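Containing mmCIF, C-alpha atoms: query04.cif.
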data_coords
loop_
_atom_site.label_atom_id
_atom_site.label_comp_id
_atom_site.auth_asym_id
_atom_site.auth_seq_id
_atom_site.Cartn_x
_atom_site.Cartn_y
_atom_site.Cartn_z
CA MET E 1 9.97 113.94 -166.67
CA ILE E 2 10.67 115.14 -163.12
CA ALA E 3 7.11 114.26 -162.06
CA ARG E 4 7.48 110.67 -163.26
CA LEU E 5 10.89 110.37 -161.57
CA ARG E 6 9.25 111.42 -158.30
CA ALA E 7 6.42 108.96 -158.89
CA ARG E 8 8.91 106.13 -159.44
CA ALA E 9 10.86 107.09 -156.31
CA ASP E 10 7.62 107.03 -154.32
CA LEU E 11 6.73 103.61 -155.74
CA LEU E 12 10.12 102.20 -154.74
CA ARG E 13 9.72 103.62 -151.23
CA ARG E 14 6.32 101.94 -150.93
CA VAL E 15 7.73 98.60 -152.08
CA ARG E 16 10.61 98.72 -149.60
CA SER E 17 8.32 99.83 -146.77
CA PHE E 18 5.96 96.95 -147.56
CA PHE E 19 8.69 94.33 -147.26
CA ASP E 20 10.42 96.01 -144.32
CA ALA E 21 7.17 95.74 -142.37
CA ARG E 22 7.10 91.99 -143.13
CA GLN E 23 10.81 91.44 -142.37
CA VAL E 24 11.57 90.27 -145.91
CA MET E 25 15.24 90.96 -146.70
CA GLU E 26 16.32 92.92 -149.76
CA VAL E 27 19.13 91.27 -151.74
CA CYS E 28 21.25 92.12 -154.77
CA THR E 29 22.57 89.50 -157.19
CA PRO E 30 24.74 89.77 -160.36
CA VAL E 31 23.23 91.00 -163.60
CA LEU E 32 25.68 88.88 -165.64
CA SER E 33 25.77 85.09 -165.71
CA ARG E 34 27.51 82.33 -167.64
CA ALA E 35 24.13 80.59 -167.99
CA ALA E 36 20.77 81.75 -169.27
CA GLY E 37 17.14 80.82 -168.98
CA THR E 38 16.21 78.31 -171.69
CA ASP E 39 12.56 79.37 -172.11
CA PRO E 40 11.99 79.66 -175.90
CA SER E 41 9.62 82.62 -175.38
CA ILE E 42 12.35 84.74 -173.73
CA GLU E 43 15.55 85.67 -175.55
CA PRO E 44 18.48 86.98 -173.50
CA LEU E 45 20.99 89.63 -174.48
CA ARG E 46 24.59 88.41 -174.63
CA THR E 47 27.87 90.18 -174.06
CA ARG E 48 31.51 89.05 -173.90
CA TYR E 49 34.10 89.62 -171.19
CA THR E 50 37.79 89.69 -172.10
CA GLY E 51 40.45 90.22 -169.43
CA PRO E 52 42.06 88.61 -166.37
CA GLU E 53 41.05 84.95 -165.91
CA HIS E 54 39.59 84.88 -169.44
CA PRO E 55 42.04 86.49 -171.87
CA SER E 56 40.45 84.69 -174.83
CA GLY E 57 36.98 85.84 -173.79
CA LEU E 58 33.96 84.55 -171.91
CA ASP E 59 30.34 84.73 -173.11
CA LEU E 60 28.00 86.18 -170.50
CA TYR E 61 24.25 86.74 -170.49
CA LEU E 62 22.37 89.70 -169.03
CA GLN E 63 19.71 88.46 -166.66
CA THR E 64 16.14 88.14 -167.92
CA SER E 65 15.15 87.67 -164.28
CA PRO E 66 17.06 87.41 -160.97
CA GLU E 67 15.26 84.14 -160.22
CA PHE E 68 18.16 81.70 -160.52
CA PRO E 69 20.64 83.44 -158.22
CA MET E 70 17.89 84.25 -155.73
CA LYS E 71 17.03 80.56 -155.50
CA ARG E 72 20.68 79.83 -154.83
CA LEU E 73 20.45 82.21 -151.85
CA LEU E 74 17.27 80.48 -150.67
CA ALA E 75 19.06 77.12 -150.79
CA ARG E 76 21.80 78.61 -148.58
CA GLY E 77 19.28 79.59 -145.93
CA SER E 78 18.57 83.25 -146.71
CA GLY E 79 14.93 83.01 -145.70
CA CYS E 80 12.34 85.25 -147.36
CA ILE E 81 13.94 87.69 -149.81
CA TYR E 82 13.10 90.29 -152.44
CA GLN E 83 14.98 92.20 -155.11
CA ILE E 84 14.33 95.22 -157.32
CA ALA E 85 16.33 94.38 -160.43
CA GLN E 86 17.07 95.73 -163.89
CA VAL E 87 16.47 92.90 -166.34
CA PHE E 88 16.99 92.56 -170.08
CA ARG E 89 15.14 90.72 -172.86
CA ASN E 90 16.07 90.79 -176.51
CA GLY E 91 13.47 91.57 -179.15
CA GLU E 92 10.91 93.06 -176.76
CA TYR E 93 9.78 96.59 -177.55
CA GLY E 94 6.32 98.11 -177.80
CA ALA E 95 3.55 99.78 -175.84
CA ARG E 96 4.11 97.51 -172.82
CA HIS E 97 7.67 96.32 -173.47
CA ASN E 98 11.21 97.68 -173.38
CA PRO E 99 14.38 95.57 -173.69
CA GLU E 100 15.50 96.85 -170.26
CA PHE E 101 12.94 97.11 -167.49
CA THR E 102 12.55 96.98 -163.71
CA LEU E 103 11.37 93.75 -162.12
CA LEU E 104 10.38 93.20 -158.51
CA GLU E 105 10.92 89.57 -157.54
CA TRP E 106 10.32 87.99 -154.17
CA TYR E 107 10.21 84.58 -152.48
CA ARG E 108 8.26 83.55 -149.41
CA VAL E 109 9.40 80.44 -147.57
CA GLY E 110 6.47 78.32 -146.40
CA PHE E 111 3.97 79.95 -148.79
CA ASP E 112 2.11 78.22 -151.58
CA HIS E 113 0.98 80.16 -154.66
CA HIS E 114 -2.49 80.85 -153.24
CA ARG E 115 -1.10 82.45 -150.10
CA LEU E 116 1.33 84.44 -152.24
CA MET E 117 -1.53 85.75 -154.38
CA GLU E 118 -2.98 87.35 -151.26
CA GLU E 119 0.30 89.14 -150.55
CA VAL E 120 0.66 90.26 -154.17
CA ALA E 121 -2.80 91.85 -153.98
CA GLN E 122 -1.84 93.62 -150.74
CA LEU E 123 1.34 94.98 -152.31
CA VAL E 124 -0.36 96.19 -155.49
CA ASN E 125 -3.12 97.92 -153.56
CA ALA E 126 -0.51 99.56 -151.30
CA CYS E 127 1.47 100.79 -154.31
CA LEU E 128 -1.57 102.02 -156.24
CA GLU E 129 -3.10 103.51 -153.07
CA THR E 130 -6.33 101.65 -153.78
CA SER E 131 -8.48 98.93 -152.26
CA LEU E 132 -9.30 97.05 -155.43
CA PRO E 133 -11.35 93.87 -155.05
CA VAL E 134 -9.70 90.56 -155.94
CA GLU E 135 -11.04 87.82 -158.18
CA LYS E 136 -9.41 84.44 -158.85
CA CYS E 137 -10.14 82.49 -162.03
CA ARG E 138 -8.92 79.11 -163.21
CA TYR E 139 -7.20 79.17 -166.61
CA VAL E 140 -9.49 76.43 -167.94
CA ASP E 141 -12.63 78.26 -166.82
CA LEU E 142 -11.60 81.45 -168.65
CA PHE E 143 -11.33 79.59 -171.95
CA ARG E 144 -14.70 77.97 -171.39
CA GLU E 145 -16.28 81.34 -170.55
CA HIS E 146 -14.78 83.44 -173.34
CA LEU E 147 -14.22 80.90 -176.11
CA GLY E 148 -16.57 78.05 -175.29
CA TRP E 149 -14.12 75.15 -175.16
CA HIS E 150 -11.65 73.40 -172.86
CA PRO E 151 -8.08 74.48 -173.67
CA LEU E 152 -6.55 71.07 -172.96
CA GLU E 153 -9.21 69.00 -174.69
CA ALA E 154 -10.38 70.94 -177.75
CA GLY E 155 -9.19 69.51 -181.07
CA PHE E 156 -7.01 71.56 -183.39
CA HIS E 157 -9.93 71.98 -185.79
CA VAL E 158 -11.76 73.83 -182.98
CA LEU E 159 -8.75 76.11 -182.45
CA GLN E 160 -8.49 76.76 -186.20
CA GLU E 161 -12.21 77.48 -186.56
CA THR E 162 -12.11 79.88 -183.59
CA ALA E 163 -9.09 81.74 -184.98
CA ALA E 164 -10.72 82.05 -188.39
CA ARG E 165 -13.95 83.33 -186.85
CA LEU E 166 -12.05 85.97 -184.87
CA GLY E 167 -9.76 86.91 -187.76
CA LEU E 168 -6.56 86.02 -185.90
CA ASP E 169 -3.21 85.53 -187.63
CA VAL E 170 -2.05 81.98 -186.93
CA GLU E 171 0.97 81.84 -189.20
CA GLY E 172 3.82 79.85 -187.69
CA LEU E 173 1.76 78.25 -184.90
CA ASP E 174 2.50 74.53 -184.70
CA ASP E 175 1.72 73.50 -181.12
CA ARG E 176 -1.14 73.79 -178.66
CA ASP E 177 0.64 76.19 -176.30
CA GLY E 178 1.29 78.59 -179.18
CA TRP E 179 -2.41 78.56 -180.05
CA LEU E 180 -3.45 79.01 -176.42
CA ASP E 181 -1.03 81.91 -175.95
CA LEU E 182 -2.58 83.59 -179.00
CA PHE E 183 -6.13 83.30 -177.65
CA MET E 184 -5.04 84.28 -174.15
CA SER E 185 -3.17 87.42 -175.20
CA LEU E 186 -5.57 88.70 -177.86
CA VAL E 187 -9.00 87.57 -176.65
CA ILE E 188 -8.99 86.92 -172.91
CA GLU E 189 -6.33 89.17 -171.36
CA PRO E 190 -7.87 92.51 -172.47
CA ARG E 191 -11.02 91.61 -170.49
CA LEU E 192 -9.23 90.77 -167.25
CA GLY E 193 -8.80 92.98 -164.20
CA GLN E 194 -11.35 95.58 -165.20
CA GLY E 195 -11.81 97.57 -162.00
CA CYS E 196 -10.29 94.76 -159.95
CA LEU E 197 -7.23 92.55 -159.57
CA THR E 198 -7.69 89.29 -161.47
CA PHE E 199 -5.51 86.29 -160.65
CA VAL E 200 -5.47 83.51 -163.23
CA TYR E 201 -4.21 80.20 -161.85
CA ASP E 202 -3.84 76.48 -162.64
CA TYR E 203 -2.08 76.94 -165.96
CA PRO E 204 -1.44 73.89 -168.20
CA ALA E 205 1.48 71.73 -167.05
CA SER E 206 3.15 72.39 -170.42
CA GLN E 207 3.40 76.03 -169.32
CA ALA E 208 4.72 75.24 -165.85
CA SER E 209 8.15 76.81 -166.40
CA LEU E 210 9.70 76.64 -162.91
CA ALA E 211 6.47 75.81 -161.06
CA ARG E 212 5.66 72.47 -159.47
CA LEU E 213 2.72 70.52 -160.85
CA ASN E 214 -0.65 70.60 -159.13
CA PRO E 215 -0.67 67.64 -156.72
CA GLY E 216 -4.39 67.10 -157.32
CA ASP E 217 -4.14 67.25 -161.12
CA PRO E 218 -0.71 66.81 -162.77
CA ALA E 219 -2.12 68.20 -166.04
CA LEU E 220 -2.02 71.61 -164.33
CA ALA E 221 0.77 73.73 -162.86
CA SER E 222 0.83 75.59 -159.55
CA ARG E 223 1.28 78.91 -161.31
CA PHE E 224 -0.59 82.22 -161.42
CA GLU E 225 -0.58 85.50 -163.29
CA LEU E 226 -2.04 88.84 -162.17
CA TYR E 227 -3.94 91.24 -164.45
CA HIS E 228 -5.25 94.75 -163.92
CA GLN E 229 -6.97 96.79 -166.63
CA GLY E 230 -6.04 94.11 -169.17
CA VAL E 231 -2.32 94.41 -168.35
CA GLU E 232 -0.30 91.45 -167.12
CA LEU E 233 1.55 92.56 -163.98
CA ALA E 234 2.95 89.46 -162.31
CA ASN E 235 3.82 85.80 -162.81
CA GLY E 236 4.16 83.53 -159.79
CA PHE E 237 4.80 79.89 -158.87
CA HIS E 238 4.72 77.42 -156.07
CA GLU E 239 8.35 76.72 -156.82
CA LEU E 240 9.67 73.46 -158.23
CA THR E 241 12.27 71.93 -155.90
CA ASP E 242 13.06 68.73 -157.84
CA ALA E 243 16.48 69.12 -159.52
CA GLY E 244 15.95 66.16 -161.85
CA GLU E 245 12.62 67.46 -163.08
CA GLN E 246 14.08 70.96 -163.54
CA ARG E 247 16.94 69.55 -165.63
CA ARG E 248 14.44 67.66 -167.80
CA ARG E 249 12.49 70.87 -168.37
CA PHE E 250 15.63 72.81 -169.33
CA GLU E 251 16.56 70.05 -171.78
CA ALA E 252 13.04 70.02 -173.27
CA GLU E 253 13.16 73.82 -173.69
CA ASN E 254 16.50 73.63 -175.47
CA ALA E 255 15.06 70.91 -177.73
CA GLN E 256 12.19 73.28 -178.56
CA ARG E 257 14.73 76.03 -179.25
CA ARG E 258 16.54 73.80 -181.73
CA LYS E 259 13.23 72.97 -183.39
CA ASN E 260 12.40 76.71 -183.62
CA GLY E 261 15.80 77.57 -185.08
CA GLN E 262 16.74 79.48 -181.90
CA PRO E 263 20.21 79.14 -180.35
CA GLU E 264 20.52 76.54 -177.62
CA LEU E 265 21.44 78.14 -174.29
CA PRO E 266 23.67 76.90 -171.45
CA MET E 267 21.70 75.51 -168.53
CA ASP E 268 22.38 77.00 -165.11
CA GLU E 269 24.28 74.22 -163.38
CA ASN E 270 24.65 76.37 -160.26
CA LEU E 271 20.87 76.52 -159.92
CA LEU E 272 20.55 72.78 -160.46
CA ALA E 273 23.21 72.17 -157.79
CA ALA E 274 21.28 74.43 -155.41
CA LEU E 275 18.12 72.42 -156.03
CA GLU E 276 20.09 69.24 -155.33
CA GLN E 277 21.30 70.81 -152.08
CA GLY E 278 17.72 71.55 -151.17
CA LEU E 279 15.43 74.49 -151.94
CA PRO E 280 12.99 75.17 -149.10
CA ASP E 281 9.29 74.89 -149.81
CA CYS E 282 8.47 78.35 -151.12
CA ALA E 283 6.47 80.44 -153.57
CA GLY E 284 7.92 83.21 -155.71
CA VAL E 285 6.66 85.93 -158.00
CA ALA E 286 8.01 88.50 -160.46
CA LEU E 287 6.13 91.79 -160.87
CA GLY E 288 6.81 94.43 -163.50
CA LEU E 289 7.26 97.73 -161.67
CA ASP E 290 7.26 99.82 -164.86
CA ARG E 291 3.85 98.43 -165.82
CA LEU E 292 2.56 99.02 -162.29
CA LEU E 293 3.74 102.64 -162.47
CA MET E 294 2.19 102.99 -165.93
CA LEU E 295 -1.18 101.96 -164.51
CA LYS E 296 -0.82 104.21 -161.48
CA LEU E 297 -0.08 107.24 -163.66
CA LYS E 298 -2.68 106.21 -166.26
CA ALA E 299 -0.01 106.28 -168.97
CA SER E 300 -0.71 104.62 -172.31
CA ARG E 301 2.82 103.39 -173.05
CA LEU E 302 5.63 101.99 -170.94
CA GLU E 303 8.07 104.55 -172.31
CA ASP E 304 5.93 107.27 -170.69
CA VAL E 305 7.17 106.18 -167.24
CA LEU E 306 10.81 105.40 -168.09
CA SER E 307 13.64 107.89 -167.69
CA PHE E 308 14.79 106.91 -171.18
CA SER E 309 13.38 104.19 -173.42
CA LEU E 310 15.08 102.34 -176.27
CA LYS E 311 14.38 105.28 -178.56
CA ASN E 312 16.57 107.66 -176.55
CA ALA E 313 18.76 105.37 -174.43
#

Using structure tokens, write down the structure from this file.
Amino acid sequence: MIARLRARADLLRRVRSFFDARQVMEVCTPVLSRAAGTDPSIEPLRTRYTGPEHPSGLDLYLQTSPEFPMKRLLARGSGCIYQIAQVFRNGEYGARHNPEFTLLEWYRVGFDHHRLMEEVAQLVNACLETSLPVEKCRYVDLFREHLGWHPLEAGFHVLQETAARLGLDVEGLDDRDGWLDLFMSLVIEPRLGQGCLTFVYDYPASQASLARLNPGDPALASRFELYHQGVELANGFHELTDAGEQRRRFEAENAQRRKNGQPELPMDENLLAALEQGLPDCAGVALGLDRLLMLKLKASRLEDVLSFSLKNA
């Protein structure tokens, strides 16, 4: 255990040194919020405060990411910022998941997602003490290469036939994104980043989350993910700055939650107000530090690099 504690401390030093050299400011934002992310694929943990100001109680959510409050700082003129944060996601536990984990998130004013990819690669190589080559692949091209069809154009019969041929469990899938996520996670991802850093970009607009749409093709989002040794490490965006569009996306996600039988979640009105005030043109990314440390130490499970996992928390 002591060896992995030292390895984590060294990793954190490298991260802070990296950003210090680039004059990116470290910030700290609250873990608790009255609002939550509405993404149906991420379920927050909820707690309840009772005391002064709220004697009858106030529902609060543990952050799944520090993204929303960091964007509020950006709108107030913070400039480029980063944060090393403990984040929490309900229902996530396994070889590469723990309900509490450490996320590195940073925002670069004036960057687009392509320029940010370059910096992500520099950071990962600095942390791993490597000089891994970088490859960039379009999401659509990966599906054509590994599955033989266009992910936005293939009919559902093609998706069904492919799943049957590969012996994949498709129970409960009722929309295209669910099917694409299945093929991406089980077929394509394990092949990515073998001996290199693989950036996948130009995701479908339906998976844009908080990314702006590609100005050259609105069917695609200005979003990327990073993979190394088949492990997803980072998720980044050229950030959406349109408050009206962001509100529409939150509402659509809550509608999907209702359809799924998931609880509807309160939208972050503070974030929407910050977008109305004006978010500077920027790109942001979240990188899982526990997964990065797992790869550096050649560990097989996330719990191998945590002080204490869910099993012994």

Which residues are near segment 59-67 of chain E? Cut-off 6 Å, all atoms listed in the file, ignore same chain within fewer than 2 positions. Put them as a list of chain:residue names.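 In the requested form, the answer reads E:Val31, E:Leu32, E:Ser33, E:Arg34, E:Leu45, E:Arg46, E:Thr47, E:Arg48, E:Pro69, E:Met70, E:Val87, E:Phe88, E:Arg89.
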
Smallest atom-to-atom distance to Ile188 of chain E: which of E:Lys296, E:His238, E:His146, E:Arg13, using only C-alpha atoms?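 Of the candidates, the smallest distance to Ile188 of chain E is held by E:His146.
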
Considering only C-alpha atoms, can you say which of E:Gly230, E:Gly77, E:Gly155, E:Gly94 comes closest to Ala274 of chain E?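 Counting only C-alpha atoms, the residue closest to Ala274 of chain E is E:Gly77.
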
Have a look at E:Val27, E:Leu12, E:Leu271, E:Ala286 and name the one nearest to Ala243 of chain E; count only C-alpha atoms.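 Residue with the minimum atom-to-atom distance to Ala243 of chain E: E:Leu271.
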
The PyMOL selection byres ((chain E and resi 111) around 12) applied to the shown file, residues as a list in words: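 Checked against the file, the PyMOL selection byres ((chain E and resi 111) around 12) matches Gly79, Cys80, Trp106, Tyr107, Arg108, Val109, Gly110, Asp112, His113, His114, Arg115, Leu116, Met117, Glu118, Glu119, Gly236, Phe237, His238, Glu239, Pro280, Asp281, Cys282, Ala283, Gly284 and Val285 of chain E.
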
Would you write out, as a Markdown table, a table of all residues in segment 247-266 of chain E that have an atom no more than 12 Å from an atom of segment 160-174 of chain E, listing for each the closest atom pair and the distance in Å to one decimal, considering all atoms listed in the file and ordering rows by chain and rising residue number?
| residue | atom | partner | partner_atom | distance |
| --- | --- | --- | --- | --- |
| E:Gln256 | CA | E:Asp174 | CA | 11.5 |
| E:Lys259 | CA | E:Asp174 | CA | 10.9 |
| E:Asn260 | CA | E:Gly172 | CA | 10.0 |

Judged by only C-alpha atoms, the minimum distance to Leu132 of chain E among E:Met1, E:Ile42, E:Leu197, E:Leu11 is found for E:Leu197

How many Å separate atom CA of Thr38 of chain E from atom CA of Val231 of chain E?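 Spanning atom CA of Thr38 of chain E to atom CA of Val231 of chain E is a straight-line distance of 24.8 Å.
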
One number please: atom CA of Leu265 of chain E to atom CA of Arg249 of chain E, in Å, one decimal.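 Result for atom CA of Leu265 of chain E versus atom CA of Arg249 of chain E: 13.0 Å, one decimal.
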
Mind telling me what the PyMOL selection byres ((chain E and resi 203) around 10) catches here, as a list in words?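 After applying the PyMOL selection byres ((chain E and resi 203) around 10), what remains is Arg138, Tyr139, Val140, Val200, Tyr201, Asp202, Pro204, Ala205, Ser206, Gln207, Ala208, Ala211, Leu213, Asn214, Ala219, Leu220, Ala221, Ser222, Arg223, Phe224 and Glu225 of chain E.
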
Could you jot down the atom CA of Phe143 of chain E to atom CA of Trp179 of chain E separation for me, Å, one decimal place? 12.1 Å

From the options E:Met267, E:Ala126, E:Leu297, E:Leu58, which residue's atoms come nearest to Phe250 of chain E, counting all atoms listed in the file?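 Answer, going by the shortest atom-to-atom distance: E:Met267.
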
Given the choices E:Arg96, E:His150, E:Lys71, E:Lys311, which gets closest to Met294 of chain E if the distance is worked out from all atoms listed in the file?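 Closest residue, counting all atoms listed in the file: E:Arg96.
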
Just the residues within 12 Å of segment 300-307 of chain E, please, counting all atoms listed in the file, with nothing from its chain fewer than 6 positions along; format it as a ChimeraX atom specification. /E:1-9,11,92-102,229,231,288-294,313

Excluding Glu245 of chain E and residues on its chain fewer than 5 positions from it, collect all residues at most 10 Å away from it, counting only C-alpha atoms, and give them as a JSON list (two decimals) with C-alpha atoms, keeping the file's coordinate frame.
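To be explicit, this is the file written out as part24.json:
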[["chain", "number", "residue", "atom", "x", "y", "z"],
["E", 210, "LEU", "CA", 9.70, 76.64, -162.91],
["E", 212, "ARG", "CA", 5.66, 72.47, -159.47],
["E", 240, "LEU", "CA", 9.67, 73.46, -158.23],
["E", 250, "PHE", "CA", 15.63, 72.81, -169.33],
["E", 251, "GLU", "CA", 16.56, 70.05, -171.78],
["E", 272, "LEU", "CA", 20.55, 72.78, -160.46]]

Residues within 6 Å of Leu104 of chain E, please, as a list in words. Count all atoms listed in the file; anything in the same chain fewer than 6 positions from it doesn't count.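 In the requested form, the answer reads Gln83, Ile84, Ala286 and Leu287 of chain E.
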
Grab the residues selected above and save them as a short mmCIF file (atom, residue, chain, number, x, y, z; two decimals), in the frame of the given file with C-alpha atoms.
data_model
loop_
_atom_site.label_atom_id
_atom_site.label_comp_id
_atom_site.auth_asym_id
_atom_site.auth_seq_id
_atom_site.Cartn_x
_atom_site.Cartn_y
_atom_site.Cartn_z
CA GLN E 83 14.98 92.20 -155.11
CA ILE E 84 14.33 95.22 -157.32
CA ALA E 286 8.01 88.50 -160.46
CA LEU E 287 6.13 91.79 -160.87
#
